Number of protein chains: 2
Amino acid sequence: MSILVVGSVAFDDVTSPSGSVKNVLAGAATYFSLSASYFTDVRVVAVVGDDFGPDQEKVFKDHRIDTRGIERAKGKTFRWGGTYTDNLNEAKTNFTDLNVFEKFQPQIPKEYADTDFLFLANIQPTLQAHVRRSMPHVRLTGCDTMNYWIKGTPKELAETLKLVDVLLINDTEAKMLTNETNLPRAAQKVLAMGPQALVIKHGEYGATIFFREGAFGIGRHPFRAPTLPIEEVKDPTGAGDSFAGGFMGYLASQEVLNREVLKRALFYGGVMGSFAVERFGTERLQSLTREEIEARFQIFRELTHLE
Amino acid sequence: MSILVVGSVAFDDVTSPSGSVKNVLAGAATYFSLSASYFTDVRVVAVVGDDFGPDQEKVFKDHRIDTRGIERAKGKTFRWGGTYTDNLNEAKTNFTDLNVFEKFQPQIPKEYADTDFLFLANIQPTLQAHVRRSMPHVRLTGCDTMNYWIKGTPKELAETLKLVDVLLINDTEAKMLTNETNLPRAAQKVLAMGPQALVIKHGEYGATIFFREGAFGIGRHPFRAPTLPIEEVKDPTGAGDSFAGGFMGYLASQEVLNREVLKRALFYGGVMGSFAVERFGTERLQSLTREEIEARFQIFRELTHLE
């Protein structure tokens, strides 16, 4: 089945203890769509500027990603620069040039009307809600957000959360969204806001999925998937979007959506996030094979499963 | 088989968002021995003062813990007071009265000479090494330490690490011990210092065990066990010692020590740690049944295992 992602395409400058790169193709929609492309057909709605040329287009095309929804606007593409020091969990932002992304008004091409799955990457919540409402027939909607919107536009975000099935955020965001310090309690509060399931990403410790009572089948307990302990994280940028791409992409490849499928999706999310950080930008995601993905899935299983 | 723990017995005053208690029986050796007692025969070497009476003795006796190694000294037992605010991972210490623990010189009763397993709880590294050397025939030695010794007595600690099989520490301690910010690299450095295996405890995210090449069988990868997301953590004190008690206690109950057994031990460590924090002090560890432990082990399995 097909999945549509709405979000940013960007060029990043990144410095980390492993080195430095400039102008690498990045952005949430890019990480997500490359990651999801290993599982299903991907469509993108985003905006780019004059500096987005055939080389960038080719990256998407090489993964059979449908780019008809990528709008070409006058000006430059969104650019971000950040530095990671020893704490690879948090970047120091050196600059954020929104450029054409500042006036982004997502337009869904009519050819995308039959899309089965939707992922609302981290953009302004009112835009997310608008996209969701214009795609009333999707089977499942995933959504990301960030501290900026949680603090700045809480009412708009609350409206968006009523429209999504799975929210994917990190620990800090879950706590901030609910004013709770305890994760299971925070999870219950988030689920009361609308989503059927909540994925909380714990960085190097993996991720936990919490289910609303009765959602996706029967069961009392959350589920936790690991990440691989990696000796050299070159560039953590896009790990969360790559996670979301693996998670949502796997779901979109399945006929039935039950808890067992969502659990496996959580593993695939961790797998794709762990690949993303191995090289700068989207480099690793551009060159994967499905065999490598399955091999790492097996490693994740061995990492956590008793005989 | 039998296990000996050498460490502190204490009375704690604890305040957390869930309430406040005074003079509760605590200390690393207490948490450890109660936790391990559900798996195997436990012996304790510690020191207490005049304020350790029949009520406290009974707690150990009720769990068939051999207290012949608990020395009665003139004065008061070790006392600690701490407050947990919203961040339950770290206590603010209100007071530390070492009392009789200040001059603790562990003496191993001759009846303990045939002990099979040894756990060196968090005490001065030279004392740990002395105990280990006086028990040359143990099958396996586990060890804990803390920032205070890592910073204050690094040479002594390095000598101790050469004598132990499994070191159990948390993320912060592993990074401080090795001057590394990356956990897998930190783990490799710790394993080069002596231990065959390293357990790194991640608090609410579970724990990872790293193996030295070839130790306990064949395999390339570490193993990760979860903890249960708990809605109300009443008192995190002793979680690490309870984890160690479950981990070491399970090992001591097994005939063969291979990787699969160590993986299961990691699960039991998480199980016992998760029980410990549900009530203040050692209260929950005093009232468990093996059936409750097995039921939670199954929950931990369901929390992480795909079909």
# chains A, B, ... in the order shown; residues from 1 in each chain; ligands from 1
>>> interface_residues(of="chain B", to="chain A", cutoff="10 Å", atoms="only C-alpha atoms", output="MDAnalysis selection string")
chainID B and resid 86:88 180:188 202 204:209 220:233 260:261 263:264 267 299:307
>>> residues_around(residues="region 157-160 of chain A", least_positions_apart="5", cutoff="8 Å", atoms="only C-alpha atoms", output="PyMOL selection string")
chain A and resi 125-126+128-129+149-150+193
>>> closest_residue(among="A:Glu278, A:Glu111, A:Glu57, A:Asp66", to="Val44 (chain A)", atoms="only C-alpha atoms")
A:Asp66
>>> residues_around(residues="Lys61 (chain A)", least_positions_apart="4", cutoff="12 Å", atoms="only C-alpha atoms", output="PyMOL selection string")
chain A and resi 30+33-34+37+41-44+54-57+65-68+286
>>> write_last_selection(atoms="N, CA, C and O atoms", output="PDB file, in the first residue's frame")
ATOM      1  N   THR A  30      12.450  13.886   3.886  1.00  0.00           N
ATOM      2  CA  THR A  30      13.469  13.130   3.153  1.00  0.00           C
ATOM      3  C   THR A  30      13.873  11.880   3.927  1.00  0.00           C
ATOM      4  O   THR A  30      13.877  10.764   3.387  1.00  0.00           O
ATOM      5  N   SER A  33      10.848   9.476   3.984  1.00  0.00           N
ATOM      6  CA  SER A  33      10.453   8.795   2.747  1.00  0.00           C
ATOM      7  C   SER A  33      11.515   7.792   2.306  1.00  0.00           C
ATOM      8  O   SER A  33      11.185   6.703   1.827  1.00  0.00           O
ATOM      9  N   LEU A  34      12.792   8.125   2.471  1.00  0.00           N
ATOM     10  CA  LEU A  34      13.832   7.144   2.137  1.00  0.00           C
ATOM     11  C   LEU A  34      13.672   5.895   3.007  1.00  0.00           C
ATOM     12  O   LEU A  34      13.722   4.760   2.525  1.00  0.00           O
ATOM     13  N   SER A  37      10.655   3.875   2.091  1.00  0.00           N
ATOM     14  CA  SER A  37      10.681   3.345   0.719  1.00  0.00           C
ATOM     15  C   SER A  37      11.150   1.895   0.652  1.00  0.00           C
ATOM     16  O   SER A  37      10.930   1.208  -0.335  1.00  0.00           O
ATOM     17  N   ASP A  41       5.266   1.901  -1.105  1.00  0.00           N
ATOM     18  CA  ASP A  41       5.297   3.035  -2.037  1.00  0.00           C
ATOM     19  C   ASP A  41       5.123   4.338  -1.262  1.00  0.00           C
ATOM     20  O   ASP A  41       4.200   4.464  -0.469  1.00  0.00           O
ATOM     21  N   VAL A  42       5.986   5.295  -1.542  1.00  0.00           N
ATOM     22  CA  VAL A  42       5.990   6.539  -0.763  1.00  0.00           C
ATOM     23  C   VAL A  42       5.681   7.733  -1.654  1.00  0.00           C
ATOM     24  O   VAL A  42       6.159   7.817  -2.793  1.00  0.00           O
ATOM     25  N   ARG A  43       4.898   8.639  -1.147  1.00  0.00           N
ATOM     26  CA  ARG A  43       4.559   9.896  -1.814  1.00  0.00           C
ATOM     27  C   ARG A  43       4.929  11.035  -0.883  1.00  0.00           C
ATOM     28  O   ARG A  43       4.812  10.905   0.333  1.00  0.00           O
ATOM     29  N   VAL A  44       5.361  12.153  -1.449  1.00  0.00           N
ATOM     30  CA  VAL A  44       5.836  13.261  -0.618  1.00  0.00           C
ATOM     31  C   VAL A  44       5.122  14.556  -0.965  1.00  0.00           C
ATOM     32  O   VAL A  44       4.958  14.875  -2.147  1.00  0.00           O
ATOM     33  N   PRO A  54      18.395  18.280 -10.154  1.00  0.00           N
ATOM     34  CA  PRO A  54      18.275  16.881 -10.601  1.00  0.00           C
ATOM     35  C   PRO A  54      18.990  15.897  -9.676  1.00  0.00           C
ATOM     36  O   PRO A  54      18.536  14.765  -9.499  1.00  0.00           O
ATOM     37  N   ASP A  55      20.105  16.316  -9.074  1.00  0.00           N
ATOM     38  CA  ASP A  55      20.826  15.406  -8.171  1.00  0.00           C
ATOM     39  C   ASP A  55      19.961  15.005  -6.982  1.00  0.00           C
ATOM     40  O   ASP A  55      19.955  13.841  -6.556  1.00  0.00           O
ATOM     41  N   GLN A  56      19.254  16.002  -6.437  1.00  0.00           N
ATOM     42  CA  GLN A  56      18.392  15.720  -5.285  1.00  0.00           C
ATOM     43  C   GLN A  56      17.165  14.913  -5.726  1.00  0.00           C
ATOM     44  O   GLN A  56      16.757  13.962  -5.065  1.00  0.00           O
ATOM     45  N   GLU A  57      16.619  15.337  -6.838  1.00  0.00           N
ATOM     46  CA  GLU A  57      15.458  14.627  -7.391  1.00  0.00           C
ATOM     47  C   GLU A  57      15.782  13.140  -7.578  1.00  0.00           C
ATOM     48  O   GLU A  57      14.976  12.263  -7.269  1.00  0.00           O
ATOM     49  N   ILE A  65      10.263   6.960  -5.094  1.00  0.00           N
ATOM     50  CA  ILE A  65       9.405   7.841  -4.302  1.00  0.00           C
ATOM     51  C   ILE A  65       8.717   8.835  -5.240  1.00  0.00           C
ATOM     52  O   ILE A  65       9.367   9.455  -6.086  1.00  0.00           O
ATOM     53  N   ASP A  66       7.422   8.950  -5.091  1.00  0.00           N
ATOM     54  CA  ASP A  66       6.607   9.824  -5.937  1.00  0.00           C
ATOM     55  C   ASP A  66       6.786  11.271  -5.463  1.00  0.00           C
ATOM     56  O   ASP A  66       6.391  11.618  -4.351  1.00  0.00           O
ATOM     57  N   THR A  67       7.379  12.101  -6.322  1.00  0.00           N
ATOM     58  CA  THR A  67       7.696  13.487  -5.907  1.00  0.00           C
ATOM     59  C   THR A  67       6.758  14.507  -6.554  1.00  0.00           C
ATOM     60  O   THR A  67       7.045  15.707  -6.525  1.00  0.00           O
ATOM     61  N   ARG A  68       5.636  14.053  -7.080  1.00  0.00           N
ATOM     62  CA  ARG A  68       4.717  15.010  -7.715  1.00  0.00           C
ATOM     63  C   ARG A  68       4.180  16.030  -6.709  1.00  0.00           C
ATOM     64  O   ARG A  68       3.751  17.117  -7.083  1.00  0.00           O
ATOM     65  N   GLN A 286      20.264   5.996   1.817  1.00  0.00           N
ATOM     66  CA  GLN A 286      20.221   5.945   0.353  1.00  0.00           C
ATOM     67  C   GLN A 286      20.755   4.615  -0.189  1.00  0.00           C
ATOM     68  O   GLN A 286      20.447   4.239  -1.316  1.00  0.00           O
TER      69      GLN A 286
END
>>> select_by_dssp(residues="region 77-185 of chain B", states="alpha helix (DSSP H)", output="PyMOL selection string")
chain B and resi 125-133+147-152+154-161+171-178+183-185
>>> residues_around(residues="Asp114 (chain A)", least_positions_apart="6", cutoff="9 Å", atoms="only C-alpha atoms", output="JSON, numbers by chain")
{"A": [2, 135, 137, 138]}
>>> write_last_selection(atoms="all heavy atoms", output="CSV table (one decimal), in the first residue's frame")
chain,number,residue,atom,x,y,z
A,2,SER,N,0.3,2.4,-0.2
A,2,SER,CA,1.0,3.6,-0.3
A,2,SER,C,1.0,4.5,1.0
A,2,SER,O,0.0,4.4,1.8
A,2,SER,CB,0.5,4.5,-1.4
A,2,SER,OG,-0.9,4.7,-1.2
A,135,MET,N,-7.6,14.4,3.7
A,135,MET,CA,-7.4,13.0,3.4
A,135,MET,C,-8.3,12.1,4.3
A,135,MET,O,-7.8,11.3,5.1
A,135,MET,CB,-5.9,12.6,3.6
A,135,MET,CG,-4.9,13.5,3.0
A,135,MET,SD,-4.4,13.0,1.3
A,135,MET,CE,-3.9,11.4,1.5
A,137,HIS,N,-10.0,9.5,3.9
A,137,HIS,CA,-10.1,8.0,3.7
A,137,HIS,C,-8.9,7.2,4.1
A,137,HIS,O,-8.8,6.0,3.9
A,137,HIS,CB,-10.5,7.7,2.3
A,137,HIS,CG,-11.8,8.4,1.9
A,137,HIS,ND1,-12.9,8.2,2.5
A,137,HIS,CD2,-12.0,9.3,0.9
A,137,HIS,CE1,-13.9,8.9,2.0
A,137,HIS,NE2,-13.4,9.6,1.0
A,138,VAL,N,-7.8,7.9,4.7
A,138,VAL,CA,-6.6,7.1,5.0
A,138,VAL,C,-7.0,6.1,6.1
A,138,VAL,O,-7.8,6.3,7.0
A,138,VAL,CB,-5.4,8.0,5.5
A,138,VAL,CG1,-4.9,8.8,4.3
A,138,VAL,CG2,-5.8,8.9,6.7
>>> closest_residue(among="B:Thr172, B:Asn122, B:Ser242, B:Thr289", to="Ala36 (chain B)", atoms="only C-alpha atoms")
B:Ser242
>>> closest_residue(among="A:Lys110, A:Arg139, A:Arg72, A:His130", to="Val6 (chain A)", atoms="only C-alpha atoms")
A:His130
>>> residues_around(residues="Thr83 (chain A)", least_positions_apart="4", cutoff="8 Å", atoms="only C-alpha atoms", output="number ranges by chain")
A: 14-16, 91-94
>>> atom_distance(atom1="CA of Glu292 (chain B)", atom2="CA of Gly219 (chain A)")
19.1 Å
>>> atom_distance(atom1="CA of Gln196 (chain B)", atom2="CA of Ala174 (chain B)")
15.1 Å
>>> atom_distance(atom1="CA of Tyr38 (chain A)", atom2="CA of Met1 (chain A)")
12.4 Å
>>> select_by_dssp(residues="region 184-307 of chain B", states="strand (DSSP E)", output="count of residues only")
13
>>> closest_residue(among="A:Arg64, A:Arg133, A:Lys103, A:Lys22", to="Val47 (chain A)", atoms="only C-alpha atoms")
A:Lys103
>>> residues_around(residues="Ser20 (chain A)", least_positions_apart="4", cutoff="12 Å", atoms="only C-alpha atoms", output="number ranges by chain")
A: 12-16, 24, 81-85, 234-235, 279-281
